[in-house]
$ cat query.txt   # compact mmCIF, N, CA and C atoms
# COMPACT_ATOMS: atom_id res chain seq x y z
N MET Z 1 -7.93 7.29 24.26
CA MET Z 1 -7.64 8.17 23.15
C MET Z 1 -6.31 8.89 23.36
N ILE Z 2 -6.08 9.36 24.57
CA ILE Z 2 -4.83 10.06 24.87
C ILE Z 2 -3.66 9.10 24.76
N LYS Z 3 -3.85 7.86 25.23
CA LYS Z 3 -2.78 6.87 25.14
C LYS Z 3 -2.44 6.58 23.68
N SER Z 4 -3.45 6.52 22.82
CA SER Z 4 -3.21 6.30 21.39
C SER Z 4 -2.40 7.43 20.79
N PHE Z 5 -2.74 8.66 21.18
CA PHE Z 5 -2.00 9.83 20.69
C PHE Z 5 -0.55 9.78 21.16
N ILE Z 6 -0.34 9.41 22.42
CA ILE Z 6 1.02 9.33 22.96
C ILE Z 6 1.82 8.27 22.21
N ASN Z 7 1.19 7.11 21.95
CA ASN Z 7 1.86 6.05 21.19
C ASN Z 7 2.19 6.51 19.77
N ALA Z 8 1.24 7.21 19.15
CA ALA Z 8 1.48 7.72 17.79
C ALA Z 8 2.61 8.74 17.79
N TRP Z 9 2.66 9.60 18.79
CA TRP Z 9 3.72 10.60 18.90
C TRP Z 9 5.08 9.92 19.07
N ARG Z 10 5.12 8.87 19.89
CA ARG Z 10 6.35 8.10 20.09
C ARG Z 10 6.79 7.46 18.77
N GLY Z 11 5.83 6.94 18.03
CA GLY Z 11 6.14 6.35 16.72
C GLY Z 11 6.68 7.38 15.76
N LEU Z 12 6.09 8.58 15.77
CA LEU Z 12 6.56 9.66 14.88
C LEU Z 12 8.00 10.04 15.23
N LYS Z 13 8.31 10.13 16.50
CA LYS Z 13 9.68 10.45 16.91
C LYS Z 13 10.65 9.37 16.43
N THR Z 14 10.21 8.12 16.48
CA THR Z 14 11.06 7.01 16.05
C THR Z 14 11.35 7.08 14.55
N ILE Z 15 10.33 7.34 13.75
CA ILE Z 15 10.57 7.35 12.30
C ILE Z 15 11.33 8.59 11.85
N VAL Z 16 11.18 9.69 12.57
CA VAL Z 16 11.92 10.90 12.20
C VAL Z 16 13.42 10.68 12.36
N ARG Z 17 13.80 9.78 13.24
CA ARG Z 17 15.22 9.48 13.43
C ARG Z 17 15.81 8.70 12.25
N GLY Z 18 14.94 8.13 11.43
CA GLY Z 18 15.42 7.34 10.29
C GLY Z 18 15.95 8.22 9.18
N ARG Z 19 17.01 7.79 8.54
CA ARG Z 19 17.69 8.56 7.50
C ARG Z 19 16.80 8.80 6.28
N SER Z 20 16.13 7.76 5.77
CA SER Z 20 15.33 7.93 4.56
C SER Z 20 14.14 8.83 4.83
N PHE Z 21 13.57 8.75 6.02
CA PHE Z 21 12.43 9.61 6.34
C PHE Z 21 12.84 11.07 6.37
N ILE Z 22 14.03 11.34 6.87
CA ILE Z 22 14.51 12.73 6.93
C ILE Z 22 14.61 13.31 5.53
N TRP Z 23 15.14 12.54 4.59
CA TRP Z 23 15.24 13.03 3.21
C TRP Z 23 13.87 13.26 2.60
N ALA Z 24 12.93 12.37 2.87
CA ALA Z 24 11.56 12.55 2.37
C ALA Z 24 10.94 13.79 2.99
N LEU Z 25 11.20 14.00 4.27
CA LEU Z 25 10.67 15.17 4.95
C LEU Z 25 11.25 16.46 4.39
N VAL Z 26 12.55 16.49 4.17
CA VAL Z 26 13.20 17.67 3.60
C VAL Z 26 12.64 17.97 2.21
N ALA Z 27 12.50 16.93 1.38
CA ALA Z 27 11.94 17.11 0.04
C ALA Z 27 10.51 17.62 0.11
N GLY Z 28 9.73 17.06 1.02
CA GLY Z 28 8.34 17.49 1.17
C GLY Z 28 8.22 18.93 1.62
N ILE Z 29 9.00 19.29 2.62
CA ILE Z 29 8.97 20.67 3.12
C ILE Z 29 9.45 21.63 2.04
N GLY Z 30 10.47 21.23 1.29
CA GLY Z 30 10.94 22.07 0.18
C GLY Z 30 9.87 22.28 -0.88
N THR Z 31 9.16 21.23 -1.21
CA THR Z 31 8.09 21.33 -2.21
C THR Z 31 6.98 22.25 -1.71
N ILE Z 32 6.60 22.08 -0.46
CA ILE Z 32 5.55 22.94 0.11
C ILE Z 32 6.03 24.39 0.14
N ALA Z 33 7.27 24.61 0.50
CA ALA Z 33 7.81 25.98 0.57
C ALA Z 33 7.76 26.65 -0.80
N VAL Z 34 8.12 25.91 -1.84
CA VAL Z 34 8.09 26.47 -3.19
C VAL Z 34 6.67 26.90 -3.56
N THR Z 35 5.69 26.06 -3.24
CA THR Z 35 4.31 26.41 -3.60
C THR Z 35 3.80 27.59 -2.78
N TRP Z 36 4.33 27.76 -1.58
CA TRP Z 36 3.87 28.87 -0.75
C TRP Z 36 4.58 30.18 -1.10
N LEU Z 37 5.79 30.11 -1.62
CA LEU Z 37 6.53 31.33 -1.93
C LEU Z 37 5.97 32.09 -3.13
N PHE Z 38 5.41 31.34 -4.06
CA PHE Z 38 4.90 31.98 -5.27
C PHE Z 38 3.40 32.18 -5.16
N LYS Z 39 2.98 33.42 -5.22
CA LYS Z 39 1.56 33.74 -5.03
C LYS Z 39 0.69 33.21 -6.16
N GLU Z 40 1.31 32.77 -7.26
CA GLU Z 40 0.54 32.27 -8.39
C GLU Z 40 -0.16 30.94 -8.10
N PHE Z 41 0.30 30.22 -7.08
CA PHE Z 41 -0.35 28.96 -6.71
C PHE Z 41 -1.65 29.25 -5.98
N THR Z 42 -2.72 28.59 -6.38
CA THR Z 42 -3.99 28.77 -5.71
C THR Z 42 -4.01 27.97 -4.40
N LEU Z 43 -4.99 28.27 -3.58
CA LEU Z 43 -5.12 27.52 -2.32
C LEU Z 43 -5.34 26.04 -2.60
N SER Z 44 -6.16 25.73 -3.58
CA SER Z 44 -6.41 24.32 -3.92
C SER Z 44 -5.13 23.62 -4.35
N GLU Z 45 -4.32 24.27 -5.14
CA GLU Z 45 -3.06 23.67 -5.59
C GLU Z 45 -2.12 23.44 -4.41
N ARG Z 46 -2.08 24.39 -3.51
CA ARG Z 46 -1.24 24.25 -2.32
C ARG Z 46 -1.71 23.09 -1.46
N LEU Z 47 -3.01 22.97 -1.30
CA LEU Z 47 -3.56 21.87 -0.49
C LEU Z 47 -3.29 20.52 -1.14
N ILE Z 48 -3.38 20.44 -2.46
CA ILE Z 48 -3.07 19.19 -3.16
C ILE Z 48 -1.63 18.78 -2.90
N VAL Z 49 -0.73 19.73 -2.95
CA VAL Z 49 0.69 19.44 -2.69
C VAL Z 49 0.87 18.94 -1.25
N ILE Z 50 0.21 19.58 -0.30
CA ILE Z 50 0.32 19.15 1.10
C ILE Z 50 -0.21 17.73 1.27
N VAL Z 51 -1.32 17.41 0.64
CA VAL Z 51 -1.89 16.06 0.75
C VAL Z 51 -0.93 15.02 0.18
N PHE Z 52 -0.33 15.32 -0.97
CA PHE Z 52 0.61 14.37 -1.57
C PHE Z 52 1.86 14.21 -0.72
N VAL Z 53 2.36 15.29 -0.15
CA VAL Z 53 3.53 15.19 0.73
C VAL Z 53 3.18 14.34 1.95
N ALA Z 54 2.00 14.56 2.53
CA ALA Z 54 1.57 13.75 3.68
C ALA Z 54 1.44 12.28 3.28
N LEU Z 55 0.92 12.01 2.09
CA LEU Z 55 0.79 10.63 1.62
C LEU Z 55 2.16 9.96 1.50
N VAL Z 56 3.10 10.65 0.88
CA VAL Z 56 4.44 10.08 0.70
C VAL Z 56 5.10 9.85 2.06
N LEU Z 57 5.00 10.81 2.97
CA LEU Z 57 5.61 10.65 4.29
C LEU Z 57 4.94 9.51 5.06
N SER Z 58 3.63 9.38 4.94
CA SER Z 58 2.92 8.29 5.62
C SER Z 58 3.36 6.93 5.09
N LEU Z 59 3.47 6.82 3.78
CA LEU Z 59 3.90 5.56 3.20
C LEU Z 59 5.36 5.26 3.54
N GLU Z 60 6.17 6.29 3.62
CA GLU Z 60 7.57 6.09 4.03
C GLU Z 60 7.62 5.57 5.47
N ALA Z 61 6.76 6.09 6.32
CA ALA Z 61 6.69 5.60 7.70
C ALA Z 61 6.24 4.14 7.73
N MET Z 62 5.24 3.79 6.94
CA MET Z 62 4.78 2.41 6.88
C MET Z 62 5.88 1.49 6.35
N ASN Z 63 6.61 1.96 5.35
CA ASN Z 63 7.72 1.19 4.81
C ASN Z 63 8.76 0.92 5.88
N THR Z 64 9.06 1.93 6.67
CA THR Z 64 10.02 1.77 7.76
C THR Z 64 9.52 0.73 8.77
N ALA Z 65 8.23 0.79 9.09
CA ALA Z 65 7.65 -0.18 10.03
C ALA Z 65 7.73 -1.60 9.47
N VAL Z 66 7.41 -1.77 8.19
CA VAL Z 66 7.48 -3.10 7.56
C VAL Z 66 8.91 -3.62 7.60
N GLU Z 67 9.87 -2.77 7.27
CA GLU Z 67 11.27 -3.20 7.28
C GLU Z 67 11.75 -3.59 8.67
N LYS Z 68 11.38 -2.81 9.67
CA LYS Z 68 11.80 -3.14 11.05
C LYS Z 68 11.14 -4.43 11.52
N LEU Z 69 9.87 -4.61 11.21
CA LEU Z 69 9.19 -5.84 11.59
C LEU Z 69 9.79 -7.05 10.87
N ALA Z 70 10.08 -6.89 9.59
CA ALA Z 70 10.69 -7.98 8.83
C ALA Z 70 12.05 -8.36 9.40
N ASP Z 71 12.81 -7.36 9.85
CA ASP Z 71 14.12 -7.65 10.44
C ASP Z 71 13.99 -8.39 11.77
N ILE Z 72 12.91 -8.13 12.50
CA ILE Z 72 12.67 -8.84 13.75
C ILE Z 72 12.24 -10.28 13.48
N VAL Z 73 11.33 -10.43 12.51
CA VAL Z 73 10.80 -11.76 12.19
C VAL Z 73 11.89 -12.66 11.63
N LYS Z 74 12.74 -12.11 10.78
CA LYS Z 74 13.77 -12.92 10.12
C LYS Z 74 15.05 -12.10 10.05
N PRO Z 75 15.87 -12.13 11.11
CA PRO Z 75 17.11 -11.33 11.13
C PRO Z 75 18.09 -11.71 10.02
N ALA Z 76 18.15 -12.98 9.67
CA ALA Z 76 19.06 -13.41 8.61
C ALA Z 76 18.43 -13.08 7.25
N TYR Z 77 19.28 -12.98 6.23
CA TYR Z 77 18.79 -12.67 4.89
C TYR Z 77 17.79 -13.74 4.43
N SER Z 78 16.72 -13.27 3.80
CA SER Z 78 15.71 -14.17 3.27
C SER Z 78 15.16 -13.58 1.97
N ASP Z 79 15.09 -14.41 0.93
CA ASP Z 79 14.53 -13.94 -0.34
C ASP Z 79 13.06 -13.52 -0.16
N ARG Z 80 12.33 -14.23 0.67
CA ARG Z 80 10.91 -13.92 0.88
C ARG Z 80 10.75 -12.59 1.60
N ILE Z 81 11.57 -12.33 2.60
CA ILE Z 81 11.52 -11.05 3.31
C ILE Z 81 11.95 -9.93 2.37
N LYS Z 82 12.92 -10.18 1.52
CA LYS Z 82 13.36 -9.17 0.55
C LYS Z 82 12.21 -8.76 -0.36
N ILE Z 83 11.40 -9.72 -0.78
CA ILE Z 83 10.25 -9.43 -1.63
C ILE Z 83 9.26 -8.53 -0.89
N VAL Z 84 9.01 -8.84 0.38
CA VAL Z 84 8.09 -8.01 1.18
C VAL Z 84 8.62 -6.58 1.30
N LYS Z 85 9.91 -6.45 1.59
CA LYS Z 85 10.52 -5.13 1.70
C LYS Z 85 10.47 -4.37 0.38
N ASP Z 86 10.72 -5.08 -0.72
CA ASP Z 86 10.69 -4.45 -2.04
C ASP Z 86 9.29 -3.96 -2.39
N ILE Z 87 8.28 -4.76 -2.06
CA ILE Z 87 6.90 -4.35 -2.32
C ILE Z 87 6.55 -3.10 -1.51
N SER Z 88 6.97 -3.08 -0.25
CA SER Z 88 6.71 -1.94 0.61
C SER Z 88 7.40 -0.68 0.06
N ALA Z 89 8.64 -0.83 -0.37
CA ALA Z 89 9.37 0.30 -0.96
C ALA Z 89 8.72 0.72 -2.28
N GLY Z 90 8.21 -0.25 -3.02
CA GLY Z 90 7.52 0.05 -4.28
C GLY Z 90 6.29 0.90 -4.07
N ALA Z 91 5.57 0.67 -2.98
CA ALA Z 91 4.39 1.49 -2.67
C ALA Z 91 4.79 2.95 -2.46
N VAL Z 92 5.91 3.16 -1.79
CA VAL Z 92 6.41 4.52 -1.59
C VAL Z 92 6.77 5.15 -2.93
N LEU Z 93 7.42 4.38 -3.78
CA LEU Z 93 7.82 4.89 -5.09
C LEU Z 93 6.61 5.27 -5.95
N ILE Z 94 5.56 4.47 -5.90
CA ILE Z 94 4.34 4.79 -6.64
C ILE Z 94 3.78 6.14 -6.17
N ALA Z 95 3.75 6.35 -4.86
CA ALA Z 95 3.25 7.62 -4.32
C ALA Z 95 4.15 8.78 -4.73
N ILE Z 96 5.46 8.56 -4.72
CA ILE Z 96 6.39 9.63 -5.12
C ILE Z 96 6.20 9.98 -6.58
N ILE Z 97 6.06 8.98 -7.44
CA ILE Z 97 5.85 9.24 -8.87
C ILE Z 97 4.54 9.99 -9.08
N GLY Z 98 3.48 9.55 -8.41
CA GLY Z 98 2.19 10.24 -8.53
C GLY Z 98 2.28 11.67 -8.04
N ALA Z 99 2.96 11.88 -6.92
CA ALA Z 99 3.12 13.23 -6.37
C ALA Z 99 3.93 14.10 -7.32
N PHE Z 100 4.99 13.55 -7.89
CA PHE Z 100 5.85 14.31 -8.79
C PHE Z 100 5.10 14.70 -10.06
N ILE Z 101 4.36 13.76 -10.64
CA ILE Z 101 3.58 14.07 -11.85
C ILE Z 101 2.53 15.14 -11.55
N THR Z 102 1.85 14.99 -10.42
CA THR Z 102 0.85 15.99 -10.03
C THR Z 102 1.49 17.35 -9.84
N TRP Z 103 2.65 17.38 -9.18
CA TRP Z 103 3.35 18.64 -8.96
C TRP Z 103 3.77 19.27 -10.29
N LEU Z 104 4.26 18.45 -11.22
CA LEU Z 104 4.64 18.98 -12.53
C LEU Z 104 3.44 19.59 -13.26
N ILE Z 105 2.31 18.91 -13.21
CA ILE Z 105 1.11 19.42 -13.86
C ILE Z 105 0.69 20.75 -13.23
N ILE Z 106 0.74 20.82 -11.90
CA ILE Z 106 0.38 22.07 -11.22
C ILE Z 106 1.35 23.19 -11.60
N VAL Z 107 2.64 22.90 -11.57
CA VAL Z 107 3.64 23.92 -11.91
C VAL Z 107 3.47 24.36 -13.37
N TRP Z 108 3.21 23.42 -14.25
CA TRP Z 108 2.99 23.76 -15.67
C TRP Z 108 1.79 24.68 -15.81
N ASP Z 109 0.71 24.38 -15.10
CA ASP Z 109 -0.49 25.21 -15.16
C ASP Z 109 -0.22 26.60 -14.59
N VAL Z 110 0.48 26.66 -13.47
CA VAL Z 110 0.82 27.95 -12.87
C VAL Z 110 1.69 28.77 -13.82
N PHE Z 111 2.68 28.12 -14.43
CA PHE Z 111 3.54 28.82 -15.39
C PHE Z 111 2.72 29.35 -16.57
N ASN Z 112 1.83 28.53 -17.11
CA ASN Z 112 0.99 28.97 -18.23
C ASN Z 112 0.10 30.14 -17.85
N ARG Z 113 -0.49 30.11 -16.67
CA ARG Z 113 -1.32 31.25 -16.21
C ARG Z 113 -0.47 32.50 -16.07
N TRP Z 114 0.72 32.36 -15.47
CA TRP Z 114 1.61 33.50 -15.28
C TRP Z 114 2.06 34.05 -16.62
N TYR Z 115 2.42 33.16 -17.56
CA TYR Z 115 2.88 33.58 -18.86
C TYR Z 115 1.78 34.32 -19.63
N LEU Z 116 0.57 33.78 -19.56
CA LEU Z 116 -0.55 34.43 -20.26
C LEU Z 116 -0.82 35.82 -19.69
N LEU Z 117 -0.77 35.96 -18.39
CA LEU Z 117 -1.01 37.27 -17.76
C LEU Z 117 0.08 38.28 -18.11
N ASN Z 118 1.32 37.83 -18.19
CA ASN Z 118 2.43 38.75 -18.43
C ASN Z 118 2.70 38.99 -19.91
N SER Z 119 2.09 38.22 -20.79
CA SER Z 119 2.33 38.43 -22.22
C SER Z 119 1.29 39.33 -22.85
N LEU Z 120 0.27 39.70 -22.10
CA LEU Z 120 -0.78 40.56 -22.66
C LEU Z 120 -0.41 42.02 -22.62

$ encode --input "query.txt" --output "structure tokens"
Amino acid sequence: MIKSFINAWRGLKTIVRGRSFIWALVAGIGTIAVTWLFKEFTLSERLIVIVFVALVLSLEAMNTAVEKLADIVKPAYSDRIKIVKDISAGAVLIAIIGAFITWLIIVWDVFNRWYLLNSL
């Protein structure tokens, strides 16, 4: 169990060095910070945002692993490898779109609650 944790930690350090992962991490931390700064967000809404950020970061890590493995399997350009990489990147995009729509719905709801309270 400890060896698995050490391997996972090593993998996390490897993906954090990647450029695309850093941008995803910065965006995720920024989104979480926004939800934490405004007291109007409920605990449930904050937790939903954290789960979606974790999902996007996890899929970004998997995408990085697929791309690195594909580069090892076929270093030269290959249309078939490109399709695999595109599908992997598409999975990340689906998660980002879902996270963004969910975040917009939460922000809209928070704004409506705040507006209703302050307009009375």

$ atom_distance --input "query.txt" --atom1 "atom C of Glu67 of chain Z" --atom2 "atom N of Ile87 of chain Z"
11.3 Å

$ atom_distance --input "query.txt" --atom1 "atom CA of Gly90 of chain Z" --atom2 "atom CA of Trp108 of chain Z"
26.7 Å

$ closest_residue --input "query.txt" --among "Z:Trp23, Z:Phe5, Z:Phe41, Z:Phe52" --to "Ala95 of chain Z" --atoms "only N, CA and C atoms"
Z:Phe52

$ atom_distance --input "query.txt" --atom1 "atom N of Ile50 of chain Z" --atom2 "atom N of Asp109 of chain Z"
15.6 Å

$ closest_residue --input "query.txt" --among "Z:Lys3, Z:Arg10, Z:Lys39, Z:Lys85" --to "Val66 of chain Z" --atoms "all atoms listed in the file"
Z:Lys85

$ closest_residue --input "query.txt" --among "Z:Glu40, Z:Ile81, Z:Asp86, Z:Leu55" --to "Phe111 of chain Z" --atoms "only N, CA and C atoms"
Z:Glu40

$ residues_around --input "query.txt" --residues "Thr35 of chain Z" --least-positions-apart "5" --cutoff "9 Å" --atoms "only C-alpha atoms" --output "mmCIF file with N, CA and C atoms, keeping the file's coordinate frame"
data_model
loop_
_atom_site.group_PDB
_atom_site.id
_atom_site.type_symbol
_atom_site.label_atom_id
_atom_site.label_comp_id
_atom_site.auth_asym_id
_atom_site.auth_seq_id
_atom_site.Cartn_x
_atom_site.Cartn_y
_atom_site.Cartn_z
ATOM 1 N N GLY Z 30 10.470 21.230 1.290
ATOM 2 C CA GLY Z 30 10.940 22.070 0.180
ATOM 3 C C GLY Z 30 9.870 22.280 -0.880
ATOM 4 N N GLU Z 40 1.310 32.770 -7.260
ATOM 5 C CA GLU Z 40 0.540 32.270 -8.390
ATOM 6 C C GLU Z 40 -0.160 30.940 -8.100
ATOM 7 N N PHE Z 41 0.300 30.220 -7.080
ATOM 8 C CA PHE Z 41 -0.350 28.960 -6.710
ATOM 9 C C PHE Z 41 -1.650 29.250 -5.980
ATOM 10 N N THR Z 42 -2.720 28.590 -6.380
ATOM 11 C CA THR Z 42 -3.990 28.770 -5.710
ATOM 12 C C THR Z 42 -4.010 27.970 -4.400
ATOM 13 N N GLU Z 45 -4.320 24.270 -5.140
ATOM 14 C CA GLU Z 45 -3.060 23.670 -5.590
ATOM 15 C C GLU Z 45 -2.120 23.440 -4.410
ATOM 16 N N ARG Z 46 -2.080 24.390 -3.510
ATOM 17 C CA ARG Z 46 -1.240 24.250 -2.320
ATOM 18 C C ARG Z 46 -1.710 23.090 -1.460
ATOM 19 N N VAL Z 49 -0.730 19.730 -2.950
ATOM 20 C CA VAL Z 49 0.690 19.440 -2.690
ATOM 21 C C VAL Z 49 0.870 18.940 -1.250
ATOM 22 N N VAL Z 107 2.640 22.900 -11.570
ATOM 23 C CA VAL Z 107 3.640 23.920 -11.910
ATOM 24 C C VAL Z 107 3.470 24.360 -13.370
#

$ residues_near_point --input "query.txt" --point "(10.0, -13.7, 7.2)" --cutoff "7 Å" --atoms "only C-alpha atoms" --output "PDB file with N, CA and C atoms, keeping the file's coordinate frame"
ATOM      1  N   ALA Z  70      10.080  -6.890   9.590  1.00  0.00           N
ATOM      2  CA  ALA Z  70      10.690  -7.980   8.830  1.00  0.00           C
ATOM      3  C   ALA Z  70      12.050  -8.360   9.400  1.00  0.00           C
ATOM      4  N   VAL Z  73      11.330 -10.430  12.510  1.00  0.00           N
ATOM      5  CA  VAL Z  73      10.800 -11.760  12.190  1.00  0.00           C
ATOM      6  C   VAL Z  73      11.890 -12.660  11.630  1.00  0.00           C
ATOM      7  N   LYS Z  74      12.740 -12.110  10.780  1.00  0.00           N
ATOM      8  CA  LYS Z  74      13.770 -12.920  10.120  1.00  0.00           C
ATOM      9  C   LYS Z  74      15.050 -12.100  10.050  1.00  0.00           C
ATOM     10  N   SER Z  78      16.720 -13.270   3.800  1.00  0.00           N
ATOM     11  CA  SER Z  78      15.710 -14.170   3.270  1.00  0.00           C
ATOM     12  C   SER Z  78      15.160 -13.580   1.970  1.00  0.00           C
ATOM     13  N   ARG Z  80      12.330 -14.230   0.670  1.00  0.00           N
ATOM     14  CA  ARG Z  80      10.910 -13.920   0.880  1.00  0.00           C
ATOM     15  C   ARG Z  80      10.750 -12.590   1.600  1.00  0.00           C
ATOM     16  N   ILE Z  81      11.570 -12.330   2.600  1.00  0.00           N
ATOM     17  CA  ILE Z  81      11.520 -11.050   3.310  1.00  0.00           C
ATOM     18  C   ILE Z  81      11.950  -9.930   2.370  1.00  0.00           C
TER      19      ILE Z  81
END

$ closest_residue --input "query.txt" --among "Z:Asp79, Z:Ile48, Z:Asn118, Z:Ala61" --to "Val16 of chain Z" --atoms "only N, CA and C atoms"
Z:Ala61

$ closest_residue --input "query.txt" --among "Z:Met62, Z:Ile106, Z:Ile72, Z:Leu116" --to "Ala89 of chain Z" --atoms "only N, CA and C atoms"
Z:Met62

$ closest_residue --input "query.txt" --among "Z:Ile32, Z:Ala91, Z:Leu37, Z:Ala65" --to "Ile15 of chain Z" --atoms "all atoms listed in the file"
Z:Ala65
